[in-house]
Amino acid sequence: MTIECLDECKWVLNTQKTTYAFGLGVDEMLTHLYWGPRLSFSSDIPEPLRTFHASFNNMRDMANLEYPSQSGMAYHEVCLKARLHDGSRDVILNYDSYSIGDVEIREEKCPKLTVILKDPHYSLTVHLHYIVYEKYDLIERYSEIINTGSELIQLDQAFSAAFYVPEGFPYRLTTISGGWAAEYTLNQEMLVPGKKVIESRRGATSHNSHPWFALDHGNSQECSGDVWFGALRWSGNWKMSFEHTPRNQIRILAGLNNYDFTWGLLPKNPLITPSVILGFTSQGFGQASRNLHHFQEDLILPKKHNKKLRKILYNSWEATYFDVNLENQTSLAEKAASIGVELFVMDDGWFGQRNTDMAGLGDWYVNTQKFPEGLDPLINKVNELGMDFGLWVEPEMVNPDSDLYRAHPEWVFQFPNREITRARHQLNLNLAKPEVKDFVFHMVDDLLNKYNIKFIKWDWNKSISEPGWPDVPKEHQQEVMVHYIKNLYDIFSKLRVSHPNVVFETCSGGGGRIDMGILSFTDQAWISDNTNPYDRLFIQEGYSHIYCPKSMVCWVTDAGDDNLFSLKYRFYSSMMGTLGIGANLNNYTEKQLKIAKKHIKRYKEIRPLIQEGEMYRLLSPRAGNVSAVQYMNVEKTEGVVFIFLQSSKFPENRFRLIFQGLNPESQYKISKISQKLSGRLLMSLGALITLDGHFKSELLKVTQIE
Ligand code: DGJ
């Protein structure tokens, strides 16, 4: 059974290889019991804690509650904090009832459990929802907080879920941090008593910290060891806390950030929290990533395009910056088509008075000095060249020097009597306002109706500051960050319905707004403005821990020293996800164009393996001088390996490459290796590889011999 209720007080959620269980503990409190490898006997499920000693201890503080609230002697982090209508701030959530059913997700029926908790006195109810994705070994949790009375309840904290890893072990936490042009750095630290918090307060996911975690005992590897992991489906302010309690429990909370947040919970108008996706594997960090990748490819990425290969794109940004015009874009498009590009994207600079970053955002009409007859001549040309046309927009922003701002200064976030902080000379529109939401939808909708645009790159380049929202009563003003993101999702949903064939790319100065929330509405992501091909190996590796290669856009550009990076190296670094070109092709020599064409042809041949196969991290760039990533089809018959050597330092330029994801009993031919070798050998001793020189790369083809 995927979901079952035992003895009317214990709920067990099984995926293929995992079990998650909770039940009623003392005082009918809903208590977490188990999360880990699948159990064959329900008698293995641990009993809830029932006794303790010392007057300073209390069950509300000691028990592993599934959804702890601020109440009694609970001193730890809680999911729910509320101010009730009579001023009480004590919320008791007692078990009430449960139901088991199905929810249809992409034609698949997924089992769903809902457990209802109720305050015994006040009109406050919480529904805890659990969806089980059996074959992905994942469960999704979110909560619905309902005011069943007639008076307002103020929520000061409303997390999605609390969950726990088996107690009594040491735990190492893996997180991802970074900054602009330095996204996706992996960090690992042992948890010690106290609390570790990761979060964003910027109004978006952020470059700085990522809503994902992995926990292990400190010794798990890429292909072995227990790993518990989770990620939020949310693109706004978020928070995760990892609390190592005095009793050696690890309590994890995830959801909406309580920073600058209060929710005025109106009667019969529930707050539905973002989901958190949770998984466990005993096969290391690599399997944890692949479970998330499969899930995203099948059930997260928008359905219309999730099973389609991503096109090789050209993007004009690093070639022409704001200086786009019909001539230079036509010339770039001709070159791009000649080397095999499938989608030509014109980036920033095509609209309003957008000659620098100081003006024009908000004025989404074509700049006729740059495009005297509008965009059609360029689009027609791009289409004649056999490519789709794509366009850059940043609809949630405005420059003060724009017609839009002059017409609607009240549309931007602001507090009375305060300057509004500018960054990149721009301000944030308040998307929580219905009129702004309408404007943004219609602006993009009109562009898509008017022109033959097949792709939108949707950018966001300033974190929210001074988030004032004077239009609503004070008790609702601090809801603004949540309404903002809900409205953003609504806009995307509507656009996807009215323009089903358009592909969307999420971008926020590179990787500032990437998460499983936005990836439910956008097909791919621009993950960093850092396009140095060596730096990218690190950024892409970090990204790959969470997100699937198909969603990861990587450009070959002119960044970095040409004496260091050959075109081959640049291409191999960018071929590990969805390939793009951002170099100034107008400056490419015939020879360079020829090399680029050859690599693009090669990428087209191996693209299904990269975008739809399984990814295995063989050697991490963080671990040494050599890095390698393997992609195999699911049948394990065909694959490729990208290898990168940083510098030819003896003896590290001769190394063992240990493969993964092969059939042990099959034999394989590896290009550049004369001997045929068994999967078993390749996955144990591996093969000896030599690379010479600095910043060298190689692409190996792996083929099973019939
Ligand atoms: C930031 C993006 O990350 C870049 O790729 C580019 O689109 C610029 N914005 C344009 O302003």
# chains A, B, ... in the order shown; residues from 1 in each chain; ligands from 1

$ closest_atom_pairs --of "chain A" --to "ligand 1" --cutoff "7 Å" --atoms "only C-alpha atoms and all ligand atoms" --output "CSV"
residue,atom,partner,partner_atom_place_in_ligand_line,distance
A:Trp317,CA,ligand 1,6 (C),5.8
A:Asp347,CA,ligand 1,7 (O),5.6
A:Asp348,CA,ligand 1,10 (C),4.8
A:Trp392,CA,ligand 1,7 (O),6.7
A:Asp459,CA,ligand 1,9 (N),6.3
A:Asn461,CA,ligand 1,1 (C),6.4
A:Cys507,CA,ligand 1,3 (O),5.9
A:Ser508,CA,ligand 1,3 (O),5.7
A:Gly509,CA,ligand 1,3 (O),3.5
A:Gly510,CA,ligand 1,3 (O),3.9
A:Trp526,CA,ligand 1,3 (O),6.8
A:Ser528,CA,ligand 1,3 (O),6.5
A:Asp529,CA,ligand 1,3 (O),5.1

$ residues_around --residues "Asn219 in chain A" --least-positions-apart "3" --cutoff "10 Å" --atoms "only C-alpha atoms" --output "number ranges by chain"
A: 171-172, 216, 224-227, 284

$ closest_residue --among "A:Phe571, A:Tyr259, A:Trp460, A:Tyr588" --to "Tyr534 in chain A" --atoms "only C-alpha atoms"
A:Phe571

$ select_by_dssp --residues "range 3-224 of chain A" --states "strand (DSSP E or B)" --output "VMD selection string"
chain A and resid 3 to 6 10 to 14 18 to 24 30 to 37 65 69 80 to 83 94 to 105 108 to 118 124 to 133 138 to 147 153 to 165 172 to 179 182 to 190 194 to 200 209 212 to 216

$ closest_residue --among "A:Ser674, A:Ser220, A:Asn428, A:Thr174" --to "Glu394 in chain A" --atoms "only C-alpha atoms"
A:Asn428

$ select_by_dssp --residues "range 132-370 of chain A" --states "alpha helix (DSSP H)" --output "ChimeraX atom specification"
/A:284-295,303-306,317-320,326-339

$ residues_around --residues "Asp119 in chain A" --least-positions-apart "4" --cutoff "8 Å" --atoms "only C-alpha atoms" --output "list in words"
Val91, Ile92, Leu93, Asn94, Ser123, Leu124 and Thr125 of chain A

$ closest_residue --among "A:Pro111, A:Gly236, A:Gly661, A:Gly23" --to "Leu488 in chain A" --atoms "only C-alpha atoms"
A:Gly236
